[in-house]
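Novice: Next comes the structure file query-v1.txt, holding compact mmCIF, C-alpha atoms (C1' of nucleotides).
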# COMPACT_ATOMS: atom_id res chain seq x y z
CA MET O 14 4.98 -3.35 -7.87
CA THR O 15 6.73 -6.59 -8.70
CA TYR O 16 6.13 -8.31 -12.00
CA GLU O 17 4.41 -11.28 -10.42
CA GLY O 18 2.29 -8.85 -8.44
CA ARG O 19 1.03 -7.18 -11.59
CA VAL O 20 0.31 -10.52 -13.20
CA LEU O 21 -1.54 -11.79 -10.12
CA VAL O 22 -3.64 -8.64 -9.82
CA ALA O 23 -4.44 -8.77 -13.53
CA LEU O 24 -5.55 -12.40 -13.42
CA ALA O 25 -7.38 -12.19 -10.11
CA ASP O 26 -10.37 -10.47 -11.70
CA PRO O 27 -12.83 -12.98 -13.20
CA THR O 28 -13.71 -10.80 -16.19
CA ARG O 29 -10.07 -10.30 -17.08
CA ARG O 30 -9.50 -14.03 -16.68
CA ALA O 31 -12.38 -14.68 -19.08
CA ILE O 32 -10.85 -12.26 -21.58
CA PHE O 33 -7.45 -13.88 -21.23
CA GLU O 34 -8.88 -17.38 -21.63
CA ARG O 35 -10.83 -16.35 -24.69
CA LEU O 36 -7.80 -14.70 -26.29
CA ALA O 37 -5.87 -17.88 -25.65
CA GLU O 38 -8.29 -19.69 -27.92
CA THR O 39 -8.77 -17.09 -30.64
CA ARG O 40 -7.25 -13.69 -31.19
CA SER O 41 -10.05 -11.18 -31.15
CA SER O 42 -10.93 -7.58 -31.76
CA VAL O 43 -12.41 -5.51 -28.96
CA ALA O 44 -15.82 -5.81 -30.58
CA ASP O 45 -15.46 -9.61 -30.59
CA LEU O 46 -14.85 -9.57 -26.85
CA VAL O 47 -17.76 -7.22 -26.28
CA ARG O 48 -20.00 -9.71 -28.08
CA ALA O 49 -18.60 -12.59 -26.06
CA LEU O 50 -18.80 -11.10 -22.58
CA PRO O 51 -21.60 -9.44 -20.64
CA VAL O 52 -19.88 -6.11 -20.08
CA SER O 53 -19.68 -2.84 -21.99
CA GLN O 54 -17.05 -1.94 -24.55
CA PRO O 55 -15.25 0.54 -22.26
CA ALA O 56 -15.02 -2.15 -19.60
CA ILE O 57 -13.36 -4.45 -22.12
CA SER O 58 -10.90 -1.77 -23.16
CA GLN O 59 -10.04 -1.01 -19.54
CA HIS O 60 -9.42 -4.66 -18.78
CA LEU O 61 -7.29 -5.03 -21.89
CA LYS O 62 -5.21 -2.11 -20.72
CA VAL O 63 -4.51 -3.82 -17.39
CA LEU O 64 -3.70 -7.11 -19.11
CA LYS O 65 -1.40 -5.35 -21.55
CA GLU O 66 0.47 -3.50 -18.80
CA ALA O 67 0.96 -6.83 -17.08
CA GLY O 68 2.54 -8.17 -20.26
CA LEU O 69 -0.16 -10.76 -20.72
CA VAL O 70 -1.63 -9.58 -24.01
CA GLY O 71 -0.52 -7.65 -27.05
CA ALA O 72 -2.37 -5.70 -29.73
CA GLU O 73 -1.83 -5.49 -33.45
CA PRO O 74 -3.69 -3.02 -35.69
CA GLU O 75 -5.47 -4.73 -38.54
CA GLY O 76 -7.60 -2.55 -40.74
CA ARG O 77 -9.30 -0.26 -38.32
CA LYS O 78 -9.64 -2.98 -35.73
CA ARG O 79 -7.12 -3.82 -33.07
CA ILE O 80 -6.56 -7.53 -32.80
CA TYR O 81 -5.57 -8.66 -29.32
CA SER O 82 -3.81 -11.90 -28.52
CA ILE O 83 -2.19 -13.38 -25.46
CA ASP O 84 1.52 -13.20 -24.80
CA PRO O 85 2.20 -16.42 -22.92
CA ALA O 86 5.68 -15.22 -22.01
CA GLY O 87 3.91 -12.78 -19.70
CA LEU O 88 3.12 -15.73 -17.48
CA GLY O 89 6.84 -16.31 -16.96
CA PRO O 90 7.28 -14.12 -13.87
CA LEU O 91 4.36 -15.81 -12.16
CA ARG O 92 5.66 -19.25 -13.01
CA GLN O 93 9.09 -18.34 -11.69
CA TRP O 94 7.56 -17.04 -8.49
CA LEU O 95 5.53 -20.23 -8.06
CA ASP O 96 8.53 -22.40 -8.74
CA ARG O 97 10.35 -20.83 -5.81
CA PHE O 98 7.93 -22.45 -3.40
CA TRP O 99 7.70 -25.59 -5.40
CA GLU O 100 11.44 -26.10 -5.33
CA ASP O 101 11.66 -25.12 -1.68
CA GLN O 102 9.16 -27.83 -0.95
CA LEU O 103 10.98 -30.31 -3.13
CA ALA O 104 14.13 -29.59 -1.16
CA ALA O 105 12.26 -30.02 2.10
CA PHE O 106 10.84 -33.33 0.96
CA LYS O 107 14.24 -34.44 -0.20
CA ALA O 108 15.79 -33.58 3.13
CA LEU O 109 13.01 -35.38 4.95
CA ALA O 110 13.35 -38.37 2.65
CA ASP O 111 17.09 -38.51 3.24
CA SER O 112 16.71 -38.36 7.00
CA ASP O 113 14.01 -41.04 6.88
CA GLU O 114 16.26 -43.06 4.65
CA ALA O 115 19.05 -42.82 7.19
CA ALA O 116 16.75 -43.71 10.08
CA ALA O 117 14.91 -46.52 8.25
CA PRO O 118 16.70 -47.65 5.08
CA GLY O 119 14.59 -49.23 2.36
CA GLN O 120 11.50 -47.26 3.30
CA ALA O 121 9.40 -45.59 0.60
CA LYS O 122 10.50 -42.08 -0.16
CA PRO O 123 7.80 -39.41 -0.25
CA GLU O 124 9.09 -37.87 -3.45
CA ARG O 125 5.91 -38.94 -5.13
CA GLN O 126 4.08 -36.34 -3.10
CA ALA O 127 6.17 -33.61 -4.62
CA ASN O 128 3.73 -33.47 -7.51
CA SER O 129 0.57 -33.84 -5.46
CA GLY O 130 -2.10 -31.45 -6.53
CA LEU O 131 -0.74 -31.18 -10.02
CA MET A 26 -15.57 -19.43 -7.60
CA THR A 27 -13.02 -21.69 -9.24
CA TYR A 28 -10.06 -22.99 -7.29
CA GLU A 29 -7.54 -21.05 -9.35
CA GLY A 30 -9.71 -17.98 -8.85
CA ARG A 31 -9.52 -18.27 -5.10
CA VAL A 32 -5.76 -18.81 -5.23
CA LEU A 33 -5.25 -15.84 -7.54
CA VAL A 34 -7.39 -13.55 -5.40
CA ALA A 35 -5.58 -14.71 -2.27
CA LEU A 36 -2.13 -14.08 -3.73
CA ALA A 37 -2.99 -10.83 -5.51
CA ASP A 38 -2.86 -8.88 -2.26
CA PRO A 39 0.69 -7.78 -1.38
CA THR A 40 0.26 -8.25 2.37
CA ARG A 41 -1.02 -11.79 1.90
CA ARG A 42 1.83 -12.49 -0.48
CA ALA A 43 4.26 -11.27 2.16
CA ILE A 44 2.64 -13.56 4.73
CA PHE A 45 2.77 -16.48 2.33
CA GLU A 46 6.41 -15.84 1.46
CA ARG A 47 7.35 -15.58 5.09
CA LEU A 48 5.55 -18.78 6.00
CA ALA A 49 7.40 -20.48 3.18
CA GLU A 50 10.64 -19.73 4.99
CA THR A 51 9.60 -20.37 8.59
CA ARG A 52 6.38 -21.57 10.10
CA SER A 53 5.12 -18.87 12.41
CA SER A 54 2.55 -18.01 15.01
CA VAL A 55 0.18 -15.11 14.44
CA ALA A 56 2.20 -13.01 16.86
CA ASP A 57 5.35 -13.74 14.85
CA LEU A 58 3.67 -12.40 11.72
CA VAL A 59 2.38 -9.34 13.57
CA ARG A 60 5.93 -8.59 14.59
CA ALA A 61 7.19 -9.10 11.06
CA LEU A 62 4.62 -7.06 9.15
CA PRO A 63 3.36 -3.48 9.54
CA VAL A 64 -0.30 -4.34 10.09
CA SER A 65 -2.44 -5.08 13.13
CA GLN A 66 -3.09 -8.52 14.56
CA PRO A 67 -6.69 -8.70 13.31
CA ALA A 68 -5.49 -7.87 9.82
CA ILE A 69 -3.07 -10.78 10.00
CA SER A 70 -5.80 -13.15 11.18
CA GLN A 71 -8.12 -12.02 8.41
CA HIS A 72 -5.46 -12.56 5.78
CA LEU A 73 -4.64 -15.98 7.20
CA LYS A 74 -8.30 -16.90 6.91
CA VAL A 75 -8.34 -16.03 3.21
CA LEU A 76 -5.11 -17.93 2.61
CA LYS A 77 -6.45 -20.93 4.49
CA GLU A 78 -9.73 -20.97 2.55
CA ALA A 79 -7.68 -20.91 -0.64
CA GLY A 80 -5.82 -24.00 0.57
CA LEU A 81 -2.52 -22.17 0.68
CA VAL A 82 -1.78 -22.42 4.40
CA GLY A 83 -2.63 -24.67 7.31
CA ALA A 84 -2.69 -24.18 11.07
CA GLU A 85 -1.62 -26.44 13.88
CA PRO A 86 -2.28 -25.66 17.56
CA GLU A 87 0.86 -25.71 19.64
CA GLY A 88 0.46 -24.72 23.24
CA ARG A 89 -1.81 -21.73 23.14
CA LYS A 90 -0.33 -20.53 19.92
CA ARG A 91 -1.46 -21.49 16.45
CA ILE A 92 1.45 -22.29 14.18
CA TYR A 93 0.77 -21.53 10.53
CA SER A 94 2.67 -23.02 7.61
CA ILE A 95 2.24 -23.06 3.85
CA ASP A 96 0.58 -25.92 1.99
CA PRO A 97 2.42 -25.93 -1.34
CA ALA A 98 -0.12 -28.34 -2.80
CA GLY A 99 -2.53 -25.42 -2.67
CA LEU A 100 -0.59 -23.93 -5.58
CA GLY A 101 -1.53 -26.95 -7.70
CA PRO A 102 -4.75 -25.56 -9.19
CA LEU A 103 -2.99 -22.38 -10.23
CA ARG A 104 -0.14 -24.29 -11.81
CA GLN A 105 -2.58 -26.49 -13.69
CA TRP A 106 -4.40 -23.46 -14.94
CA LEU A 107 -1.17 -21.83 -16.06
CA ASP A 108 -0.01 -24.97 -17.80
CA ARG A 109 -3.11 -24.92 -19.99
CA PHE A 110 -1.85 -21.80 -21.72
CA TRP A 111 1.71 -22.96 -21.68
CA GLU A 112 0.85 -26.18 -23.45
CA ASP A 113 -1.50 -24.43 -25.84
CA GLN A 114 1.36 -22.21 -26.81
CA LEU A 115 3.72 -25.12 -27.11
CA ALA A 116 1.28 -26.75 -29.48
CA ALA A 117 0.94 -23.53 -31.47
CA PHE A 118 4.71 -23.18 -31.73
CA LYS A 119 5.01 -26.77 -32.76
CA ALA A 120 2.38 -26.38 -35.45
CA LEU A 121 4.08 -23.23 -36.69
CA ALA A 122 7.45 -24.92 -36.62
CA ASP A 123 6.12 -27.86 -38.62
CA SER A 124 4.56 -25.64 -41.25
CA ASP A 125 7.74 -23.58 -41.48
CA GLU A 126 9.66 -26.78 -41.73
CA ALA A 127 7.48 -27.89 -44.63
CA ALA A 128 7.78 -24.52 -46.34
CA ALA A 129 11.50 -24.02 -45.71
CA PRO A 130 13.23 -27.26 -44.64
CA GLY A 131 16.38 -26.89 -42.64
CA GLN A 132 15.31 -23.63 -41.03
CA ALA A 133 15.69 -23.09 -37.29
CA LYS A 134 12.65 -24.22 -35.33
CA PRO A 135 11.29 -21.79 -32.74
CA GLU A 136 10.89 -24.47 -30.07
CA ARG A 137 13.59 -22.74 -28.10
CA GLN A 138 11.17 -19.92 -27.44
CA ALA A 139 8.82 -22.26 -25.67
CA ASN A 140 10.69 -21.59 -22.44
CA SER A 141 11.27 -17.89 -22.95
CA GLY A 142 10.50 -15.89 -19.88
CA LEU A 143 11.07 -18.81 -17.57
C1' DG X 29 -11.05 -19.52 39.72
C1' DC X 30 -8.64 -15.65 38.11
C1' DT X 31 -5.29 -13.55 35.30
C1' DT X 32 -2.59 -13.52 31.25
C1' DT X 33 -1.57 -14.69 26.72
C1' DT X 34 -2.87 -15.58 22.16
C1' DC X 35 -5.89 -15.51 18.55
C1' DA X 36 -10.51 -14.82 16.21
C1' DT X 37 -14.58 -12.15 15.30
C1' DA X 38 -17.57 -7.80 15.09
C1' DA X 39 -18.36 -3.32 13.56
C1' DG X 40 -17.15 0.62 11.20
C1' DT X 41 -14.18 3.54 8.06
C1' DC X 42 -12.05 4.57 3.84
C1' DA X 43 -9.82 4.02 -0.58
C1' DA X 44 -9.42 1.23 -4.71
C1' DG X 45 -11.34 -0.53 -8.61
C1' DG X 46 -14.87 -2.37 -11.76
C1' DC X 47 -18.82 -0.85 -14.02
C1' DT X 48 -21.68 2.48 -16.44
C1' DT X 49 -22.83 6.50 -19.84
C1' DA X 50 -20.90 10.11 -22.47
C1' DT X 51 -17.43 11.75 -25.37
C1' DA X 52 -13.02 12.01 -27.85
C1' DA X 53 -9.73 9.97 -31.18
C1' DT X 54 -8.40 7.40 -35.21
C1' DA X 55 -8.83 5.15 -39.41
C1' DA X 56 -11.51 3.52 -43.53
C1' DG X 57 -14.88 4.11 -47.20
C1' DT X 58 -17.66 7.03 -50.34
C1' DA Z 23 -14.67 16.54 -46.49
C1' DC Z 24 -18.15 13.73 -44.41
C1' DT Z 25 -19.84 9.74 -42.53
C1' DT Z 26 -19.26 5.37 -40.36
C1' DA Z 27 -16.93 1.97 -37.66
C1' DT Z 28 -13.96 0.90 -34.00
C1' DT Z 29 -11.51 1.70 -29.94
C1' DA Z 30 -9.79 4.65 -26.10
C1' DT Z 31 -10.46 7.96 -22.44
C1' DA Z 32 -13.23 10.89 -18.93
C1' DA Z 33 -16.25 11.29 -15.22
C1' DG Z 34 -19.07 9.43 -11.84
C1' DC Z 35 -21.33 5.70 -9.14
C1' DC Z 36 -21.17 2.07 -6.07
C1' DT Z 37 -19.62 -2.16 -4.40
C1' DT Z 38 -15.71 -4.68 -2.44
C1' DG Z 39 -12.19 -5.37 0.53
C1' DA Z 40 -8.22 -4.06 3.49
C1' DC Z 41 -7.54 -1.78 7.56
C1' DT Z 42 -8.60 -0.04 12.20
C1' DT Z 43 -10.37 -0.33 17.31
C1' DA Z 44 -13.08 -2.92 20.41
C1' DT Z 45 -14.46 -7.16 22.19
C1' DG Z 46 -15.09 -12.20 22.59
C1' DA Z 47 -13.12 -16.97 23.12
C1' DA Z 48 -9.90 -20.43 24.45
C1' DA Z 49 -5.95 -22.26 26.55
C1' DA Z 50 -2.04 -22.08 29.99
C1' DG Z 51 0.04 -20.58 34.49
C1' DC Z 52 -0.34 -18.96 39.32
As structure tokens, please, write out the structure in this file.

Specialist:
Amino acid sequence: MTYEGRVLVALADPTRRAIFERLAETRSSVADLVRALPVSQPAISQHLKVLKEAGLVGAEPEGRKRIYSIDPAGLGPLRQWLDRFWEDQLAAFKALADSDEAAAPGQAKPERQANSGL
Amino acid sequence: MTYEGRVLVALADPTRRAIFERLAETRSSVADLVRALPVSQPAISQHLKVLKEAGLVGAEPEGRKRIYSIDPAGLGPLRQWLDRFWEDQLAAFKALADSDEAAAPGQAKPERQANSGL
DNA sequence: GCTTTTCATAAGTCAAGGCTTATAATAAGT
DNA sequence: ACTTATTATAAGCCTTGACTTATGAAAAGC
């Protein structure tokens, strides 16, 4: 599967998203996550495995615990994928703006809309 | 469900991603997509429904066809959600850089890494 | 008005995956 | 070495969802 595919599948599950969001705030052991979320310890470990294989989290042994933390660089492939469409749309808007400009000079360009929804 | 949740679920499926990517290039009727992808027409319609409910595509009747196209603003919630972690990490890097700076002035700041993976 | 085209919905099948309990593996403390 | 604490893996259950075929709905052409 593609990188962005793995990231999307990993983050599509609400429990994994909760884990990821929590790790973004504070690095945690597995037991910490078990305490924080309403699922069993094996479920947490399984989700962490998926997140790790997607490059979204990393683990570091500390004592006999394993401290997990997010790897924000793992979001890179998804951001790149998103930016494709964003830039395509920017280009489309720009082309439309230019043609409008040519047809009716001095009119307001729609470039403002390029960030709509942000 | 949250907005970003719906977008993530919609884009996690490879067939829906293929539909979305194709619509990003050329607006298409349902029949066009059926011709382009190795699934049945009902499957296409079902996927389009999910994408539409996620705000990622829109439809416009044209003759007796329905022309679908992407709505890039629908990616907004996902981008916002992603930027949370991005900015968190930027802040963390900045804090780390500042403390390193205080401890060892003149050392290279890691701000460059803020865009790693992009 | 009937046919044809195009799409949406209904119903059913099947595999994938998220959850559980049970158990193994690993490391620390006594 | 033995126990305890912590995490990972195995096996099984059960829901979800992606797909199919069959059918309904709506719009255009004769």

Novice: Identify the residues around (-18.0, -3.4, -10.8) within a radius of 7 Å, measuring from only C-alpha atoms (C1' of nucleotides) in the coordinates stated by the file, and give them as a list in words.

Specialist: DG46 and DC47 of chain X; DT37 of chain Z

Novice: Neighbours of segment 36-47 of chain A within 7 Å (only C-alpha atoms (C1' of nucleotides); same-chain residues fewer than 2 positions away dropped), as a ChimeraX atom specification?

Specialist: /O:18,21-22,25 /A:32-34,49-51,72,95

Novice: Using only C-alpha atoms (C1' of nucleotides) for the distances, tell me which of A:Leu62, A:Leu48, A:Lys74, A:Gly83 is nearest to chain X.

Specialist: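 Looking at the shortest contact to chain X, the residue is A:Lys74.
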
Novice: So which residues fall inside 12 Å of (-4.8, -2.6, 8.9) if we count only C-alpha atoms (C1' of nucleotides)? Mind giving them as an MDAnalysis selection string?

Specialist: (chainID A and resid 40 59 62:72) or (chainID X and resid 41:42) or (chainID Z and resid 39:43)

Novice: What's the separation between atom CA of Leu88 of chain O and atom CA of Arg40 of chain O, in Å to one decimal place?

Specialist: 17.3 Å

Novice: Interatomic distance between atom C1' of DC24 of chain Z and atom C1' of DT51 of chain X?

Specialist: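 If I compute the distance from atom C1' of DC24 of chain Z to atom C1' of DT51 of chain X, I get 19.2 Å.
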
Novice: Please report the interatomic distance between atom CA of Glu78 of chain A and atom CA of Leu58 of chain A in Å with one decimal.

Specialist: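 Atom CA of Leu58 of chain A lies at a distance of 18.4 Å from atom CA of Glu78 of chain A.
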
Novice: Please provide as a list in words all residues within 9 Å of segment 27-34 of chain Z, with the sequence filter that same-chain residues fewer than 6 positions apart are discarded (counting all atoms listed in the file).

Specialist: Val43, Ala44, Gln54, Pro55, Ser58, Gln59, Arg77, Lys78 and Arg79 of chain O; DT48, DA50, DT51, DA52, DA53, DT54, DA55 and DA56 of chain X

Novice: I'd like to know which of A:Ala120, A:Ala98, A:Ala35, A:Ala84 is closest to chain Z, using only C-alpha atoms (C1' of nucleotides).

Specialist: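 Using only C-alpha atoms (C1' of nucleotides), chain Z sits closest to A:Ala35.
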
Novice: For Pro97 of chain A, find every residue with an atom within 9 Å (counting all atoms listed in the file), except residues of its own chain fewer than 6 positions away, and show them as an MDAnalysis selection string.

Specialist: (chainID O and resid 98:99 102 130) or (chainID A and resid 49 80:82)

Novice: Generate a file for chain X, containing N, CA and C atoms (P, O5', C5', C4', C3', O3' and C1' of nucleotides), as a tab-separated table (two decimals), in the first residue's frame.

Specialist:
chain	number	residue	atom	x	y	z
X	29	DG	P	-49.37	9.65	-22.49
X	29	DG	O5'	-49.39	8.19	-21.94
X	29	DG	C5'	-50.03	7.22	-22.78
X	29	DG	C4'	-48.97	6.33	-23.41
X	29	DG	C3'	-48.17	5.50	-22.40
X	29	DG	O3'	-47.77	4.31	-23.07
X	29	DG	C1'	-46.71	6.84	-23.56
X	30	DC	P	-47.82	2.90	-22.42
X	30	DC	O5'	-46.51	2.31	-23.10
X	30	DC	C5'	-46.33	2.45	-24.52
X	30	DC	C4'	-44.86	2.48	-24.85
X	30	DC	C3'	-44.00	1.60	-23.96
X	30	DC	O3'	-43.29	0.68	-24.76
X	30	DC	C1'	-43.05	3.75	-24.17
X	31	DT	P	-42.37	-0.43	-24.08
X	31	DT	O5'	-40.91	0.09	-24.50
X	31	DT	C5'	-40.69	0.53	-25.86
X	31	DT	C4'	-39.35	1.24	-25.96
X	31	DT	C3'	-38.18	0.50	-25.29
X	31	DT	O3'	-37.07	0.50	-26.18
X	31	DT	C1'	-38.31	2.70	-24.46
X	32	DT	P	-35.80	-0.35	-25.85
X	32	DT	O5'	-34.80	0.80	-25.39
X	32	DT	C5'	-34.74	2.01	-26.15
X	32	DT	C4'	-33.75	2.96	-25.51
X	32	DT	C3'	-32.58	2.27	-24.81
X	32	DT	O3'	-31.39	2.98	-25.10
X	32	DT	C1'	-33.69	3.69	-23.28
X	33	DT	P	-29.95	2.42	-24.74
X	33	DT	O5'	-29.46	3.51	-23.69
X	33	DT	C5'	-29.66	4.89	-24.01
X	33	DT	C4'	-29.47	5.74	-22.78
X	33	DT	C3'	-28.28	5.35	-21.91
X	33	DT	O3'	-27.49	6.50	-21.69
X	33	DT	C1'	-30.22	5.57	-20.59
X	34	DT	P	-25.99	6.40	-21.13
X	34	DT	O5'	-26.20	6.78	-19.58
X	34	DT	C5'	-26.78	8.04	-19.25
X	34	DT	C4'	-27.19	8.04	-17.80
X	34	DT	C3'	-26.13	7.50	-16.83
X	34	DT	O3'	-25.66	8.56	-16.03
X	34	DT	C1'	-28.31	6.73	-16.30
X	35	DC	P	-24.43	8.38	-15.06
X	35	DC	O5'	-25.17	8.01	-13.69
X	35	DC	C5'	-25.94	9.04	-13.07
X	35	DC	C4'	-26.89	8.43	-12.07
X	35	DC	C3'	-26.25	7.89	-10.81
X	35	DC	O3'	-26.45	8.82	-9.75
X	35	DC	C1'	-28.05	6.51	-11.61
X	36	DA	P	-25.93	8.49	-8.28
X	36	DA	O5'	-27.17	7.75	-7.59
X	36	DA	C5'	-28.43	8.40	-7.57
X	36	DA	C4'	-29.45	7.55	-6.83
X	36	DA	C3'	-29.01	7.07	-5.46
X	36	DA	O3'	-30.06	7.26	-4.53
X	36	DA	C1'	-29.63	5.22	-6.80
X	37	DT	P	-29.87	7.02	-2.98
X	37	DT	O5'	-30.56	5.59	-2.73
X	37	DT	C5'	-31.91	5.42	-3.12
X	37	DT	C4'	-32.30	3.96	-3.03
X	37	DT	C3'	-31.97	3.27	-1.69
X	37	DT	O3'	-33.17	2.70	-1.21
X	37	DT	C1'	-31.32	1.93	-3.51
X	38	DA	P	-33.19	2.01	0.25
X	38	DA	O5'	-33.33	0.44	-0.08
X	38	DA	C5'	-34.02	0.05	-1.26
X	38	DA	C4'	-34.21	-1.47	-1.28
X	38	DA	C3'	-33.96	-2.17	0.04
X	38	DA	O3'	-34.81	-3.31	0.12
X	38	DA	C1'	-32.33	-2.87	-1.53
X	39	DA	P	-34.92	-4.16	1.47
X	39	DA	O5'	-34.02	-5.44	1.14
X	39	DA	C5'	-34.15	-6.04	-0.15
X	39	DA	C4'	-33.20	-7.21	-0.28
X	39	DA	C3'	-32.81	-7.88	1.04
X	39	DA	O3'	-32.77	-9.28	0.84
X	39	DA	C1'	-30.86	-7.19	-0.07
X	40	DG	P	-32.53	-10.29	2.08
X	40	DG	O5'	-31.15	-10.97	1.68
X	40	DG	C5'	-30.93	-11.37	0.33
X	40	DG	C4'	-29.47	-11.67	0.10
X	40	DG	C3'	-28.78	-12.42	1.24
X	40	DG	O3'	-28.02	-13.51	0.72
X	40	DG	C1'	-27.54	-10.51	0.68
X	41	DT	P	-27.30	-14.53	1.70
X	41	DT	O5'	-25.78	-14.44	1.24
X	41	DT	C5'	-25.49	-14.20	-0.15
X	41	DT	C4'	-24.00	-13.92	-0.31
X	41	DT	C3'	-23.10	-14.70	0.64
X	41	DT	O3'	-21.97	-15.18	-0.07
X	41	DT	C1'	-22.68	-12.39	0.87
X	42	DC	P	-21.04	-16.32	0.56
X	42	DC	O5'	-19.70	-15.51	0.90
X	42	DC	C5'	-19.19	-14.60	-0.08
X	42	DC	C4'	-18.13	-13.74	0.56
X	42	DC	C3'	-17.27	-14.47	1.59
X	42	DC	O3'	-15.91	-14.25	1.30
X	42	DC	C1'	-18.13	-12.46	2.50
X	43	DA	P	-14.78	-15.12	2.06
X	43	DA	O5'	-13.73	-13.96	2.39
X	43	DA	C5'	-13.58	-12.91	1.44
X	43	DA	C4'	-13.08	-11.66	2.14
X	43	DA	C3'	-11.90	-11.88	3.08
X	43	DA	O3'	-11.01	-10.80	2.94
X	43	DA	C1'	-13.73	-10.96	4.28
X	44	DA	P	-9.60	-10.80	3.68
X	44	DA	O5'	-9.70	-9.44	4.52
X	44	DA	C5'	-10.45	-8.36	3.96
X	44	DA	C4'	-10.60	-7.25	4.97
X	44	DA	C3'	-9.41	-7.10	5.91
X	44	DA	O3'	-9.25	-5.73	6.22
X	44	DA	C1'	-11.32	-7.67	7.17
X	45	DG	P	-8.03	-5.30	7.14
X	45	DG	O5'	-8.66	-4.95	8.55
X	45	DG	C5'	-9.73	-4.00	8.64
X	45	DG	C4'	-10.28	-4.01	10.06
X	45	DG	C3'	-9.20	-3.98	11.15
X	45	DG	O3'	-9.70	-3.33	12.29
X	45	DG	C1'	-10.49	-5.86	11.43
X	46	DG	P	-9.22	-1.86	12.62
X	46	DG	O5'	-9.89	-1.61	14.04
X	46	DG	C5'	-11.31	-1.53	14.14
X	46	DG	C4'	-11.80	-2.25	15.38
X	46	DG	C3'	-10.91	-2.10	16.62
X	46	DG	O3'	-11.74	-1.79	17.73
X	46	DG	C1'	-11.33	-4.38	16.21
X	47	DC	P	-11.08	-1.35	19.11
X	47	DC	O5'	-11.43	-2.60	20.06
X	47	DC	C5'	-12.78	-2.81	20.45
X	47	DC	C4'	-12.96	-4.22	20.93
X	47	DC	C3'	-12.07	-4.62	22.11
X	47	DC	O3'	-12.73	-4.37	23.35
X	47	DC	C1'	-12.29	-6.36	20.47
X	48	DT	P	-11.89	-4.63	24.69
X	48	DT	O5'	-12.06	-6.20	24.94
X	48	DT	C5'	-13.36	-6.75	25.10
X	48	DT	C4'	-13.29	-8.28	25.11
X	48	DT	C3'	-12.36	-8.85	26.18
X	48	DT	O3'	-13.09	-9.29	27.30
X	48	DT	C1'	-11.97	-9.87	24.03
X	49	DT	P	-12.27	-9.63	28.63
X	49	DT	O5'	-11.70	-11.09	28.37
X	49	DT	C5'	-12.58	-12.20	28.27
X	49	DT	C4'	-11.80	-13.48	28.01
X	49	DT	C3'	-10.84	-13.90	29.13
X	49	DT	O3'	-10.87	-15.32	29.30
X	49	DT	C1'	-9.62	-13.60	27.14
X	50	DA	P	-10.03	-16.01	30.45
X	50	DA	O5'	-8.74	-16.55	29.67
X	50	DA	C5'	-8.94	-17.35	28.50
X	50	DA	C4'	-7.58	-17.75	27.93
X	50	DA	C3'	-6.54	-18.14	28.97
X	50	DA	O3'	-5.84	-19.31	28.55
X	50	DA	C1'	-5.69	-16.42	27.61
X	51	DT	P	-4.72	-19.98	29.47
X	51	DT	O5'	-3.37	-19.46	28.78
X	51	DT	C5'	-3.20	-19.67	27.39
X	51	DT	C4'	-1.94	-18.98	26.90
X	51	DT	C3'	-0.68	-19.26	27.74
X	51	DT	O3'	0.37	-19.58	26.85
X	51	DT	C1'	-0.91	-16.98	27.34
X	52	DA	P	1.68	-20.34	27.43
X	52	DA	O5'	2.86	-19.49	26.78
X	52	DA	C5'	2.85	-19.31	25.37
X	52	DA	C4'	3.61	-18.05	25.02
X	52	DA	C3'	5.06	-18.02	25.51
X	52	DA	O3'	5.88	-17.60	24.44
X	52	DA	C1'	3.93	-16.07	26.18
X	53	DA	P	7.47	-17.81	24.53
X	53	DA	O5'	7.99	-16.32	24.78
X	53	DA	C5'	7.58	-15.30	23.87
X	53	DA	C4'	8.09	-13.97	24.37
X	53	DA	C3'	9.51	-14.02	24.97
X	53	DA	O3'	10.23	-12.92	24.48
X	53	DA	C1'	8.03	-13.04	26.51
X	54	DT	P	11.84	-12.91	24.56
X	54	DT	O5'	12.13	-11.64	25.47
X	54	DT	C5'	11.36	-10.45	25.26
X	54	DT	C4'	11.48	-9.54	26.45
X	54	DT	C3'	12.83	-9.62	27.18
X	54	DT	O3'	13.28	-8.31	27.41
X	54	DT	C1'	11.07	-9.80	28.71
X	55	DA	P	14.87	-8.04	27.63
X	55	DA	O5'	14.82	-7.01	28.84
X	55	DA	C5'	13.72	-6.09	28.92
X	55	DA	C4'	13.42	-5.81	30.36
X	55	DA	C3'	14.66	-5.75	31.26
X	55	DA	O3'	14.57	-4.60	32.06
X	55	DA	C1'	13.05	-7.18	32.19
X	56	DA	P	15.82	-4.05	32.85
X	56	DA	O5'	15.27	-3.96	34.34
X	56	DA	C5'	14.03	-3.28	34.56
X	56	DA	C4'	13.51	-3.61	35.95
X	56	DA	C3'	14.56	-3.50	37.07
X	56	DA	O3'	14.00	-2.75	38.13
X	56	DA	C1'	13.51	-5.63	37.10
X	57	DG	P	14.89	-2.27	39.31
X	57	DG	O5'	14.39	-3.18	40.53
X	57	DG	C5'	12.99	-3.24	40.82
X	57	DG	C4'	12.72	-4.30	41.87
X	57	DG	C3'	13.71	-4.28	43.04
X	57	DG	O3'	12.99	-4.50	44.25
X	57	DG	C1'	13.69	-6.42	42.05
X	58	DT	P	13.63	-4.18	45.64
X	58	DT	O5'	13.69	-5.62	46.33
X	58	DT	C5'	12.54	-6.44	46.32
X	58	DT	C4'	12.88	-7.85	46.78
X	58	DT	C3'	13.96	-7.90	47.86
X	58	DT	O3'	13.48	-8.58	48.99
X	58	DT	C1'	14.45	-9.43	46.11
